[in-house]
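Trainee: Quick one: the structure is below, questions incoming.
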Amino acid sequence: MQTLTRHLLHAGGLALWFMLLALPLLAVRVDTLHNVVEWRWGHLMWVGVGTFVLALLWRGLAAWRQRPTLEPGPLALTLGRLLDEPHLYRPALATVLVSALIFPWLVDTYQSSIVGLALIFVVLGLGLNITVGLAGLLDLGYIAFFAVGAYCYALLNVRFGLGFWPCLPLGGLAGAACGLLLGFPILRLRGDYLAIVTLGFGSIARIVFENWEEVTGGAQGIAGVARPGLFGLEMGLEGVTIYLYYLLLLLVAVTVFATRRLQHSRIGRAWVALREDEIACAAMGVDVARTKLSAYAFGAFWAGLVGVIFAARNTYINPNSFTFTESALVLSIVVLGGMGSLVGVVLAALVLVLLPEYLRAVAEYRMLVFGAVMVLMMILRPQGLIIARRKRYRAGAAA
């Protein structure tokens, strides 16, 4: 009884404190047109009730974690396996694939468009997962490689008339070349210094695109970028949206397959060794410089590749599409999904991109809900949605 009373008092105190903090933001609204101050006490009460309930749940969860450990039941085992295993069972994977294939025929064009945008960030997250999740090299300017691919296609298409399909591999190669260009000067940097240099690289790239008006169009950007064609067929807006959706879905599948093969290859094991301990990695004979450069190049390749599709999808690009906010979002996808986990990155990208879109009905609070979800995720499951599990080898056979 005393424990319950203590929990109630603690939750009530937190609720009052949050109501006090939210008072000038949610309870007071100044109507400058009619010079009237409107008091919205209902909003403040919702904050208090929500904080009280969450505080009680948090205290109850903490007490539940401290209970004597018992043998977990079948439901707990199943949920734990789904959360901590990086592999999906074949029936579940088949269900996901079938649902993804029929999705654009069940919804309108807007829904297909925003899911296509989410698939773009899935590919970006998978690419950054190579650099950050596998190799452990923090990159705060990753969106610059995305911009390189987009501008590569826009310039080649508008200025020289090259089509989408020839420019698609060129955009990926341009991103990989920029990844190598970034990798060479920072081979000896670690930690905070590495983060500052990559952040500076992203800012430099954006400034170049914004001020090199003779080539990139400056702040006005490049308009009239051609959409990808399909054997010369004329397609309307709905047809183009569905076509791009399937193209992005195919790119996600290819990226997952290639990244998984790389993860379990010799270079992938070198990336993981570099992430765990660079000194021990070098002592075991791994070429650290080549391993770092390959991580930047492979990660930047996928960003450049999907940048081409982004430019073709929008038919217009400008430097405002490639800011630090996008880099932070992609990094959040990798961290929340689970460092090195492919399935986790895919799920995190879908959640972080689609959640703000579907919360537009509560536009006044959607970013508040979005931030609260991220905070709770980092508190309750800091290792990410799905933990990456290493492949084990036994007597010449993989297990």
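Just so we're on the same page: first chain in the structure tokens is A, next is B, and so on; residues restart at 1 for each chain, and ligands are numbered from 1 in the order they show up.
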Write out, as a tab-separated table, each residue of region 306-325 of chain A that has an atom at most 8 Å from region 132-156 of chain A, together with the closest pair of atoms and their distance in Å to one decimal, counting only C-alpha atoms, rows going by chain and rising number.
Mentor:
```
residue	atom	partner	partner_atom	distance
A:Val306	CA	A:Phe146	CA	7.0
A:Gly307	CA	A:Ala150	CA	4.3
A:Val308	CA	A:Ala150	CA	4.6
A:Ile309	CA	A:Ala150	CA	7.5
A:Phe310	CA	A:Ala150	CA	6.5
A:Ala311	CA	A:Ala150	CA	5.1
A:Ala312	CA	A:Ala154	CA	7.9
A:Ile317	CA	A:Ala150	CA	7.6
A:Phe322	CA	A:Ile143	CA	6.0
A:Thr323	CA	A:Ile143	CA	7.3
A:Phe324	CA	A:Gly141	CA	7.1
```
Trainee: Write out as a ChimeraX atom specification the set of residues from region 190-341 of chain A that DSSP, computed on the backbone, places in strand (DSSP E or B).
Mentor: /A:222-223,316-317
Trainee: Please determine, counting only C-alpha atoms, which residue among A:Arg290, A:Arg269, A:Arg313, A:Arg188 has the shortest atom-to-atom distance to Leu237 (chain A).
Mentor: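 The closest residue to Leu237 (chain A) is A:Arg313.
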Trainee: Using Å and a single decimal, report how far CA of Val158 (chain A) sits from CA of Phe209 (chain A).
Mentor: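 These atoms are spaced 15.9 Å apart.
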Trainee: Between CA of Ala174 (chain A) and CA of Phe201 (chain A), what is the spacing in Å?
Mentor: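 According to the coordinates, CA of Phe201 (chain A) and CA of Ala174 (chain A) are separated by 15.5 Å.
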Trainee: Quick one: distance from CA of Pro169 (chain A) to CA of Phe184 (chain A) in Å, one decimal?
Mentor: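 Computing it gives 22.9 Å between the two atoms.
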Trainee: Contacts of region 48-56 of chain A at 6 Å or less, counting only C-alpha atoms, minus same-chain residues fewer than 6 places along, as an mmCIF file with N, CA and C atoms, in the first residue's frame?
Mentor:
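Contents of the output file out08.cif:
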```cif
data_model
loop_
_atom_site.group_PDB
_atom_site.id
_atom_site.type_symbol
_atom_site.label_atom_id
_atom_site.label_comp_id
_atom_site.auth_asym_id
_atom_site.auth_seq_id
_atom_site.Cartn_x
_atom_site.Cartn_y
_atom_site.Cartn_z
ATOM 1 N N ALA A 11 3.830 10.247 -9.523
ATOM 2 C CA ALA A 11 3.176 10.528 -10.797
ATOM 3 C C ALA A 11 2.427 11.853 -10.750
ATOM 4 N N GLY A 12 1.770 12.139 -9.620
ATOM 5 C CA GLY A 12 1.071 13.407 -9.498
ATOM 6 C C GLY A 12 2.007 14.600 -9.531
ATOM 7 N N ALA A 15 3.061 15.136 -13.075
ATOM 8 C CA ALA A 15 1.970 15.710 -13.864
ATOM 9 C C ALA A 15 1.850 17.215 -13.615
ATOM 10 N N MET A 19 2.485 20.162 -16.367
ATOM 11 C CA MET A 19 1.414 21.129 -16.621
ATOM 12 C C MET A 19 1.936 22.556 -16.470
#
```
Trainee: Using only C-alpha atoms, which residues sit within 9 Å of Trp41 (chain A) once same-chain residues fewer than 5 positions away are excluded, as a PDB file with C-alpha atoms, in the first residue's frame?
Mentor:
```pdb
ATOM      1  CA  LEU A  23       1.101  26.334 -19.405  1.00  0.00           C
ATOM      2  CA  LEU A  26      -0.635  24.989 -24.704  1.00  0.00           C
ATOM      3  CA  ALA A  27      -2.976  26.794 -22.339  1.00  0.00           C
ATOM      4  CA  VAL A  28      -2.485  30.393 -23.500  1.00  0.00           C
ATOM      5  CA  TRP A  46      -4.800  16.340 -21.210  1.00  0.00           C
TER       6      TRP A  46
END
```
Trainee: Find the residues near Asn314 (chain A): any atom within 10 Å, counting only C-alpha atoms, skip ones fewer than 5 places away on the same chain, and give them as a compact mmCIF listing (two decimals) with N, CA and C atoms, in the first residue's frame.
Mentor:
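To be explicit, this is the file written out as around_29.txt:
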```txt
# COMPACT_ATOMS: atom_id res chain seq x y z
N ALA A 223 15.00 22.55 -62.86
CA ALA A 223 13.64 22.10 -63.14
C ALA A 223 13.60 21.35 -64.47
N GLY A 224 12.51 20.66 -64.70
CA GLY A 224 12.32 19.96 -65.96
C GLY A 224 13.08 18.65 -66.08
N VAL A 225 13.39 18.03 -64.95
CA VAL A 225 14.09 16.74 -64.97
C VAL A 225 13.10 15.67 -65.44
N ALA A 226 13.54 14.85 -66.37
CA ALA A 226 12.65 13.84 -66.97
C ALA A 226 12.42 12.67 -66.02
N ARG A 227 11.20 12.17 -66.02
CA ARG A 227 10.88 10.97 -65.25
C ARG A 227 11.35 9.73 -66.01
N ILE A 309 16.88 8.53 -58.54
CA ILE A 309 15.43 8.28 -58.53
C ILE A 309 14.69 9.43 -57.87
```
Trainee: Could you go through region 99-344 of chain A and tell me which residues DSSP, when run on the backbone, assigns to helix (DSSP H, G or I), listing them as a PyMOL selection string?
Mentor: chain A and resi 99-106+109-134+143-160+164-186+191-211+213-216+218-220+237-263+266-276+278-283+288-314+319-321+324-337+342-344
Trainee: Of the candidates A:Ser112, A:Thr198, A:Gln263, A:Thr131, which shows the shortest atom-to-atom distance to Tyr243 (chain A), using only C-alpha atoms?
Mentor: A:Ser112
